[in-house]
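Asks: Here you go, this is entry-v7.csv (CSV, C-alpha atoms).
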chain,number,residue,atom,x,y,z
C,1138,MET,CA,80.9,111.0,55.2
C,1139,LYS,CA,84.0,109.5,56.7
C,1140,ALA,CA,86.1,110.6,59.7
C,1141,ARG,CA,89.8,109.8,59.5
C,1142,ILE,CA,91.1,110.1,63.1
C,1143,LYS,CA,94.7,110.1,64.2
C,1144,ILE,CA,95.6,109.5,67.8
C,1145,THR,CA,99.2,110.2,69.0
C,1146,LEU,CA,100.9,110.1,72.4
C,1147,LYS,CA,101.5,113.6,73.9
C,1148,ASN,CA,105.0,115.0,73.9
C,1149,GLY,CA,106.6,113.9,77.1
C,1150,VAL,CA,104.8,110.6,77.3
C,1151,LEU,CA,107.2,107.7,77.0
C,1152,ASP,CA,106.6,105.6,73.8
C,1153,PRO,CA,108.6,102.4,74.3
C,1154,GLN,CA,107.0,100.9,71.1
C,1155,GLY,CA,108.2,103.9,69.1
C,1156,LYS,CA,111.7,103.4,70.6
C,1157,ALA,CA,111.6,99.7,69.7
C,1158,ILE,CA,110.6,100.6,66.1
C,1159,GLU,CA,113.3,103.2,65.9
C,1160,GLY,CA,115.8,100.6,66.9
C,1161,ALA,CA,114.5,98.1,64.3
C,1162,VAL,CA,114.6,100.8,61.6
C,1163,LYS,CA,118.2,101.5,62.4
C,1164,GLY,CA,118.8,97.8,62.4
C,1165,LEU,CA,117.8,97.8,58.7
C,1166,GLY,CA,120.9,100.0,58.2
C,1167,ILE,CA,118.8,103.1,57.8
C,1168,THR,CA,120.7,105.4,60.2
C,1169,ASN,CA,119.5,108.9,59.1
C,1170,VAL,CA,116.3,108.7,61.2
C,1171,GLY,CA,115.5,110.4,64.5
C,1172,ASP,CA,112.7,109.8,67.0
C,1173,VAL,CA,109.9,107.4,66.1
C,1174,ARG,CA,106.5,107.8,67.7
C,1175,GLN,CA,103.7,105.3,67.2
C,1176,GLY,CA,100.0,106.2,67.1
C,1177,LYS,CA,96.6,104.9,66.0
C,1178,TYR,CA,94.6,105.6,62.8
C,1179,ILE,CA,90.8,105.0,62.9
C,1180,GLU,CA,88.3,105.4,60.1
C,1181,VAL,CA,84.6,105.9,61.0
C,1182,ASP,CA,81.7,106.0,58.5
C,1183,LEU,CA,79.3,108.7,59.6
C,1184,LYS,CA,75.6,108.6,58.9
C,1185,GLU,CA,75.5,112.3,58.9
C,1186,THR,CA,75.5,114.9,56.1
C,1187,ASP,CA,75.7,118.1,58.1
C,1188,PRO,CA,79.5,119.0,58.5
C,1189,ALA,CA,78.9,120.8,61.8
C,1190,LYS,CA,77.0,117.9,63.3
C,1191,ALA,CA,79.6,115.4,62.0
C,1192,LYS,CA,82.3,117.4,63.7
C,1193,GLY,CA,80.4,117.3,67.0
C,1194,ILE,CA,80.0,113.6,66.8
C,1195,VAL,CA,83.6,113.0,66.0
C,1196,GLU,CA,84.7,115.3,68.9
C,1197,GLN,CA,82.5,113.4,71.3
C,1198,MET,CA,83.7,110.0,70.3
C,1199,CYS,CA,87.4,111.1,70.4
C,1200,LYS,CA,87.0,112.7,73.9
C,1201,ASP,CA,84.9,110.0,75.4
C,1202,LEU,CA,86.4,106.9,74.0
C,1203,LEU,CA,88.9,106.9,71.1
C,1204,ALA,CA,91.6,109.0,72.8
C,1205,ASN,CA,92.6,109.1,76.4
C,1206,THR,CA,93.4,112.8,76.7
C,1207,VAL,CA,95.6,112.2,79.8
C,1208,ILE,CA,98.2,110.7,77.5
C,1209,GLU,CA,97.0,111.2,73.9
C,1210,ASN,CA,96.2,114.0,71.4
C,1211,TYR,CA,93.8,113.5,68.5
C,1212,SER,CA,93.2,115.1,65.2
C,1213,TYR,CA,90.8,114.3,62.4
C,1214,GLU,CA,89.6,115.0,58.9
C,1215,ILE,CA,86.0,114.7,57.9
C,1216,GLY,CA,85.0,114.3,54.3
X,1050,MET,CA,79.3,91.2,107.4
X,1051,LEU,CA,81.0,92.3,104.1
X,1052,ARG,CA,78.8,92.6,101.1
X,1053,ALA,CA,81.2,92.6,98.2
X,1054,SER,CA,80.3,92.7,94.5
X,1055,VAL,CA,82.9,91.5,91.9
X,1056,ILE,CA,82.2,93.0,88.5
X,1057,VAL,CA,82.8,90.4,85.7
X,1058,PHE,CA,83.8,91.8,82.3
X,1059,PRO,CA,84.3,89.7,79.2
X,1060,GLY,CA,88.0,88.9,79.5
X,1061,SER,CA,88.2,89.2,83.3
X,1062,ASN,CA,90.4,86.3,84.5
X,1063,CYS,CA,91.1,87.2,88.2
X,1064,ASP,CA,87.4,87.5,89.1
X,1065,ARG,CA,87.2,84.0,90.6
X,1066,ASP,CA,90.5,84.4,92.4
X,1067,VAL,CA,89.5,87.6,94.1
X,1068,LYS,CA,86.1,86.1,95.0
X,1069,THR,CA,87.8,83.1,96.6
X,1070,ALA,CA,90.3,85.4,98.4
X,1071,ILE,CA,87.6,87.7,99.8
X,1072,GLU,CA,85.6,84.7,100.9
X,1073,ARG,CA,88.5,82.9,102.5
X,1074,VAL,CA,89.9,86.0,104.2
X,1075,THR,CA,86.7,87.7,105.4
X,1076,GLY,CA,84.3,84.7,105.6
X,1077,PHE,CA,81.8,86.4,103.3
X,1078,ALA,CA,81.2,85.3,99.7
X,1079,PRO,CA,81.0,88.2,97.2
X,1080,LYS,CA,78.3,88.4,94.5
X,1081,MET,CA,79.5,88.1,91.0
X,1082,VAL,CA,77.9,90.8,88.8
X,1083,TRP,CA,77.9,90.8,85.0
X,1084,HIS,CA,79.2,93.9,83.3
X,1085,GLY,CA,76.1,94.1,81.1
X,1086,ASP,CA,73.8,94.6,84.2
X,1087,ALA,CA,72.4,98.0,84.7
X,1088,SER,CA,73.1,98.3,88.4
X,1089,VAL,CA,75.3,96.9,91.2
X,1090,PRO,CA,73.4,95.3,94.1
X,1091,SER,CA,73.7,97.3,97.4
X,1092,SER,CA,77.3,96.6,98.4
X,1093,ASP,CA,79.9,97.5,101.0
X,1094,ILE,CA,82.6,97.3,98.5
X,1095,ILE,CA,82.8,96.9,94.7
X,1096,VAL,CA,85.7,95.0,93.1
X,1097,LEU,CA,87.0,95.5,89.6
X,1098,PRO,CA,89.1,92.4,89.0
X,1099,GLY,CA,92.2,91.7,86.9
X,1100,GLY,CA,92.3,90.3,83.4
X,1101,PHE,CA,92.1,91.5,79.9
X,1102,SER,CA,88.6,93.0,79.6
X,1103,PHE,CA,87.5,93.2,75.9
X,1104,GLY,CA,90.9,91.9,74.9
X,1105,ASP,CA,92.6,95.2,75.8
X,1106,TYR,CA,91.2,96.6,72.6
X,1107,LEU,CA,91.8,100.3,71.9
X,1108,ARG,CA,93.5,100.8,75.3
X,1109,CYS,CA,93.5,98.6,78.5
X,1110,GLY,CA,90.3,99.2,80.3
X,1111,ALA,CA,88.9,101.7,77.7
X,1112,MET,CA,86.0,99.5,76.6
X,1113,ALA,CA,85.2,98.2,80.1
X,1114,ALA,CA,85.0,101.8,81.4
X,1115,HIS,CA,82.0,102.2,79.1
X,1116,SER,CA,80.3,98.9,80.0
X,1117,PRO,CA,76.6,99.4,81.1
X,1118,ILE,CA,77.4,98.6,84.7
X,1119,MET,CA,80.1,101.3,85.0
X,1120,LYS,CA,77.5,104.1,85.1
X,1121,ASP,CA,76.3,102.7,88.4
X,1122,VAL,CA,79.8,101.9,89.6
X,1123,ILE,CA,80.8,105.5,89.0
X,1124,THR,CA,77.6,106.9,90.6
X,1125,LYS,CA,78.0,104.6,93.7
X,1126,ALA,CA,81.8,105.4,94.0
X,1127,LYS,CA,81.0,109.1,93.9
X,1128,ALA,CA,78.4,108.6,96.6
X,1129,GLY,CA,81.0,106.9,98.8
X,1130,THR,CA,80.9,103.2,98.1
X,1131,PRO,CA,84.5,101.9,98.3
X,1132,VAL,CA,85.9,100.5,95.1
X,1133,ILE,CA,89.1,98.5,94.6
X,1134,GLY,CA,90.5,97.9,91.1
X,1135,ILE,CA,93.3,95.4,90.8
X,1136,CYS,CA,95.5,95.3,87.6
X,1137,ASN,CA,93.0,95.6,84.8
X,1138,GLY,CA,90.6,97.0,87.4
X,1139,PHE,CA,93.1,99.8,88.1
X,1140,GLN,CA,93.3,100.5,84.4
X,1141,ILE,CA,89.5,100.6,84.2
X,1142,LEU,CA,89.4,103.1,87.2
X,1143,CYS,CA,91.8,105.4,85.4
X,1144,GLU,CA,89.9,105.1,82.1
X,1145,SER,CA,86.6,105.8,83.9
X,1146,GLY,CA,88.0,108.9,85.6
X,1147,LEU,CA,87.6,107.6,89.1
X,1148,LEU,CA,91.3,107.8,89.6
X,1149,PRO,CA,93.7,110.2,87.8
X,1150,GLY,CA,96.4,109.2,85.4
X,1151,ALA,CA,96.8,106.3,83.0
X,1152,LEU,CA,98.6,103.0,82.7
X,1153,LEU,CA,101.0,102.8,79.8
X,1154,ARG,CA,102.9,100.0,78.2
X,1155,ASN,CA,105.7,98.7,80.5
X,1156,ALA,CA,109.0,100.6,79.7
X,1157,SER,CA,110.7,97.3,78.8
X,1158,LEU,CA,107.8,96.4,76.5
X,1159,HIS,CA,107.7,93.0,78.3
X,1160,PHE,CA,104.8,91.4,80.0
X,1161,ILE,CA,106.1,90.9,83.6
X,1162,CYS,CA,104.8,88.1,85.9
X,1163,ARG,CA,106.8,87.9,89.1
X,1164,ASP,CA,106.8,88.8,92.8
X,1165,VAL,CA,107.8,92.4,93.5
X,1166,PHE,CA,108.4,94.3,96.8
X,1167,LEU,CA,106.1,97.1,97.7
X,1168,LYS,CA,106.6,99.8,100.3
X,1169,VAL,CA,103.4,100.7,102.0
X,1170,GLU,CA,102.9,104.4,101.9
X,1171,ASN,CA,99.4,104.9,103.1
X,1172,ASP,CA,98.1,102.9,106.1
X,1173,SER,CA,94.9,104.7,106.8
X,1174,SER,CA,92.7,104.3,103.7
X,1175,TYR,CA,89.8,101.9,103.3
X,1176,PHE,CA,91.8,99.1,101.8
X,1177,THR,CA,95.2,99.6,103.4
X,1178,LYS,CA,94.5,100.4,107.1
X,1179,CYS,CA,95.7,96.9,108.3
X,1180,TYR,CA,99.2,97.6,106.9
X,1181,ARG,CA,101.8,99.9,108.6
X,1182,ALA,CA,103.3,102.8,106.7
X,1183,GLY,CA,106.9,102.0,105.7
X,1184,GLU,CA,106.6,98.2,105.8
X,1185,VAL,CA,107.8,96.1,102.9
X,1186,ILE,CA,105.5,93.5,101.5
X,1187,LYS,CA,105.9,91.0,98.6
X,1188,VAL,CA,103.0,90.7,96.1
X,1189,PRO,CA,103.0,89.5,92.5
X,1190,ILE,CA,102.5,91.6,89.5
X,1191,ALA,CA,101.3,90.2,86.1
X,1192,HIS,CA,100.9,92.9,83.5
X,1193,GLY,CA,102.1,94.4,80.2
X,1194,GLU,CA,100.7,97.8,80.9
X,1195,GLY,CA,101.4,98.9,84.4
X,1196,ASN,CA,103.5,101.9,83.8
X,1197,TYR,CA,101.7,104.6,85.8
X,1198,PHE,CA,101.7,108.0,84.2
X,1199,ALA,CA,100.3,111.3,85.3
X,1200,ASP,CA,101.5,114.9,84.8
X,1201,GLN,CA,103.9,116.3,87.4
X,1202,GLU,CA,101.2,118.5,88.9
X,1203,THR,CA,98.9,115.5,89.4
X,1204,LEU,CA,101.8,113.4,90.9
X,1205,ASP,CA,102.7,116.2,93.3
X,1206,ARG,CA,99.1,116.4,94.4
X,1207,LEU,CA,98.8,112.6,94.9
X,1208,GLU,CA,102.0,112.7,97.0
X,1209,GLY,CA,100.9,115.9,98.9
X,1210,GLU,CA,97.5,114.3,99.8
X,1211,GLY,CA,99.0,111.0,100.8
X,1212,ARG,CA,97.3,109.2,98.0
X,1213,VAL,CA,100.2,107.0,96.9
X,1214,ALA,CA,99.2,103.7,98.5
X,1215,PHE,CA,102.1,101.5,97.4
X,1216,ARG,CA,105.5,102.0,95.7
X,1217,TYR,CA,107.8,99.5,94.1
X,1218,CYS,CA,110.9,99.1,96.2
X,1219,ASP,CA,113.8,96.6,96.9
X,1220,ALA,CA,113.8,94.1,99.7
X,1221,ASP,CA,115.0,96.7,102.1
X,1222,GLY,CA,112.3,99.1,101.2
X,1223,LYS,CA,114.5,101.5,99.2
X,1224,VAL,CA,112.5,103.1,96.4
X,1225,LEU,CA,115.0,102.8,93.6
X,1226,ALA,CA,114.8,102.9,89.8
X,1227,ASP,CA,116.2,99.4,89.7
X,1228,ALA,CA,113.3,98.2,91.8
X,1229,ASN,CA,110.8,99.7,89.4
X,1230,PRO,CA,109.5,96.8,87.2
X,1231,ASN,CA,107.6,98.8,84.6
X,1232,GLY,CA,108.8,102.4,84.5
X,1233,ALA,CA,105.9,103.8,86.6
X,1234,GLN,CA,106.3,107.5,87.5
X,1235,ARG,CA,107.8,107.8,91.0
X,1236,ASN,CA,107.6,104.0,91.4
X,1237,ILE,CA,103.9,104.2,92.0
X,1238,ALA,CA,102.2,100.8,92.2
X,1239,GLY,CA,98.8,101.9,93.7
X,1240,ILE,CA,96.9,105.1,94.4
X,1241,THR,CA,93.7,106.1,96.1
X,1242,SER,CA,91.0,108.7,95.5
X,1243,GLU,CA,90.8,111.9,97.5
X,1244,THR,CA,88.6,110.2,100.0
X,1245,GLY,CA,90.8,107.1,100.3
X,1246,ARG,CA,87.8,105.0,99.4
X,1247,VAL,CA,88.8,104.1,95.9
X,1248,LEU,CA,92.1,102.1,95.5
X,1249,GLY,CA,93.7,101.1,92.2
X,1250,MET,CA,96.8,98.9,92.3
X,1251,MET,CA,98.7,96.9,89.7
X,1252,PRO,CA,99.9,94.1,92.0
X,1253,HIS,CA,97.6,91.2,92.8
X,1254,PRO,CA,96.9,90.9,96.6
X,1255,GLU,CA,94.3,88.1,95.8
X,1256,ARG,CA,97.2,85.9,94.7
X,1257,LEU,CA,98.9,85.8,98.1
X,1258,TYR,CA,96.3,85.5,100.9
X,1259,GLU,CA,97.3,82.3,102.6
X,1260,SER,CA,100.7,80.5,103.1
X,1261,PRO,CA,100.1,77.6,100.7
X,1262,LEU,CA,100.1,80.2,97.9
X,1263,GLY,CA,103.5,81.3,98.9
X,1264,GLY,CA,102.7,84.2,101.2
X,1265,THR,CA,100.1,86.2,103.0
X,1266,ASP,CA,101.1,89.7,102.3
X,1267,GLY,CA,98.0,90.4,100.2
X,1268,ARG,CA,95.4,89.4,102.7
X,1269,ARG,CA,95.4,92.6,104.7
X,1270,VAL,CA,93.9,94.4,101.7
X,1271,PHE,CA,90.7,92.4,102.3
X,1272,GLU,CA,91.1,92.4,106.1
X,1273,SER,CA,91.3,96.2,105.8
X,1274,ALA,CA,88.0,96.3,103.7
X,1275,LEU,CA,86.3,94.1,106.3
X,1276,LEU,CA,87.6,96.2,109.3
X,1277,SER,CA,86.7,99.5,107.6
X,1278,THR,CA,83.2,98.2,106.8
X,1279,LEU,CA,82.7,97.0,110.4
X,1280,GLU,CA,83.9,100.3,111.8
X,1281,ALA,CA,81.5,102.2,109.6
X,1282,ALA,CA,78.5,100.0,110.6
Please go through the file and, once you have read it, give me the structure as structure tokens.
Replies:
Amino acid sequence: MKARIKITLKNGVLDPQGKAIEGAVKGLGITNVGDVRQGKYIEVDLKETDPAKAKGIVEQMCKDLLANTVIENYSYEIG
Amino acid sequence: MLRASVIVFPGSNCDRDVKTAIERVTGFAPKMVWHGDASVPSSDIIVLPGGFSFGDYLRCGAMAAHSPIMKDVITKAKAGTPVIGICNGFQILCESGLLPGALLRNASLHFICRDVFLKVENDSSYFTKCYRAGEVIKVPIAHGEGNYFADQETLDRLEGEGRVAFRYCDADGKVLADANPNGAQRNIAGITSETGRVLGMMPHPERLYESPLGGTDGRRVFESALLSTLEAA
């Protein structure tokens, strides 16, 4: 099984990299864009076949390490 | 006597500076403790130094917060051993949950390495009692991720409990947006734990502890640690 994990900054947390990307996109002449927010994408191979156990493992790694829940949200798909 | 332990992570680069500063200011040489060790020797203070532990992978301080030594650092801190985290050390303290909030990328996106003015807000904590509240000191910063963030409720609590140790200010001590180098909420440069025994700060006091270095405003952090330790003995 593979976990595909997305980590994004919470609303209200300043994202200066997203702002810089937004500026660069507009610099390409593409003006019909709004806010840009940058995040992380992580793939983890799981040595687990039980979906419930896999979910538990992914939750634990997200909460304890992959995301800092003070500033970030996480979501994932397992399959 | 001051028994200090400096934790050395792979990628720490201010560990020897802070060791020298503590030795020169207090007269007592710290022990250097490798992050892979299981426990910290019995210490009066624990120091988490600046640098780029684990290359800042994932988030600054995130990997170091899970180093083997940190279990014991957290246990000892919770049991009352004073801990100071400087720069990357502050990031590690936040990532390990010993201090609230997080350090984000500087609002300018630039790495900033220069002297800044700090207003002393707390002159009674373990590492700040040799300063006077309201005085303005000059200490260097050197970071790309020093933009202190916490939710409004946490910030209000920190202020209400007198846990903001230092704030970025101008030369006259005015806490202004223009004097904020990195976008930190409420110009916060350093905070303490509830007990005042854990201090995290982005500026580097170990870089200004004797006049040939360009100033002495940082030395009272270490004098405070010595005084607090002697008072408790």
Asks: Taking only C-alpha atoms into account and nothing else, which residues of chain C lie no more than 9 Å away from chain X? Please answer as a PyMOL selection string.
Replies: chain C and resi 1150-1154+1157+1177+1202-1205+1207-1208
Asks: Find the residues near Pro1189 (chain X): any atom within 8 Å, counting only C-alpha atoms, skip ones fewer than 2 places away on the same chain, and give them as a list in words.
Replies: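 Here the qualifying residues turn out to be Cys1162, Arg1163, Asp1164, Val1165, Lys1187, Ala1191, Pro1252, His1253, Pro1254, Arg1256 and Leu1257 of chain X.
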Asks: Give me the residues within 9 Å of Pro1131 (chain X) as an MDAnalysis selection string, counting only C-alpha atoms and dropping any in the same chain fewer than 3 places off.
Replies: chainID X and resid 1092:1096 1125:1126 1175:1176 1245:1248 1274
Asks: Work out how far CA of Ala1233 (chain X) is from CA of Lys1120 (chain X), in Å to one decimal.
Replies: 28.4 Å
Asks: Which residue is closest to Leu1142 (chain X)? Choose from X:Val1057, X:Cys1109, X:Leu1167, X:Leu1207 and count only C-alpha atoms.
Replies: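 Closest residue, counting only C-alpha atoms: X:Cys1109.
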Asks: If you count only C-alpha atoms, which residues fall within 10 Å of Cys1199 (chain C), apart from same-chain ones fewer than 5 positions away, as an NGL selection string?
Replies: :C and (1142-1144 or 1193-1194 or 1204-1206 or 1210-1213)
Asks: Mind checking which residues fall within 12 Å of Glu1280 (chain X), counting only C-alpha atoms, ignoring those fewer than 3 positions away in the same chain, and posting them as a ChimeraX atom specification?
Replies: /X:1050-1051,1093,1175,1178,1273-1277
Asks: Find the residue from X:Ala1053, X:Met1250, X:Leu1204, X:Val1067 that sits nearest to Thr1177 (chain X); use all atoms listed in the file when measuring.
Replies: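 Distance minimum relative to Thr1177 (chain X) lands on X:Met1250.
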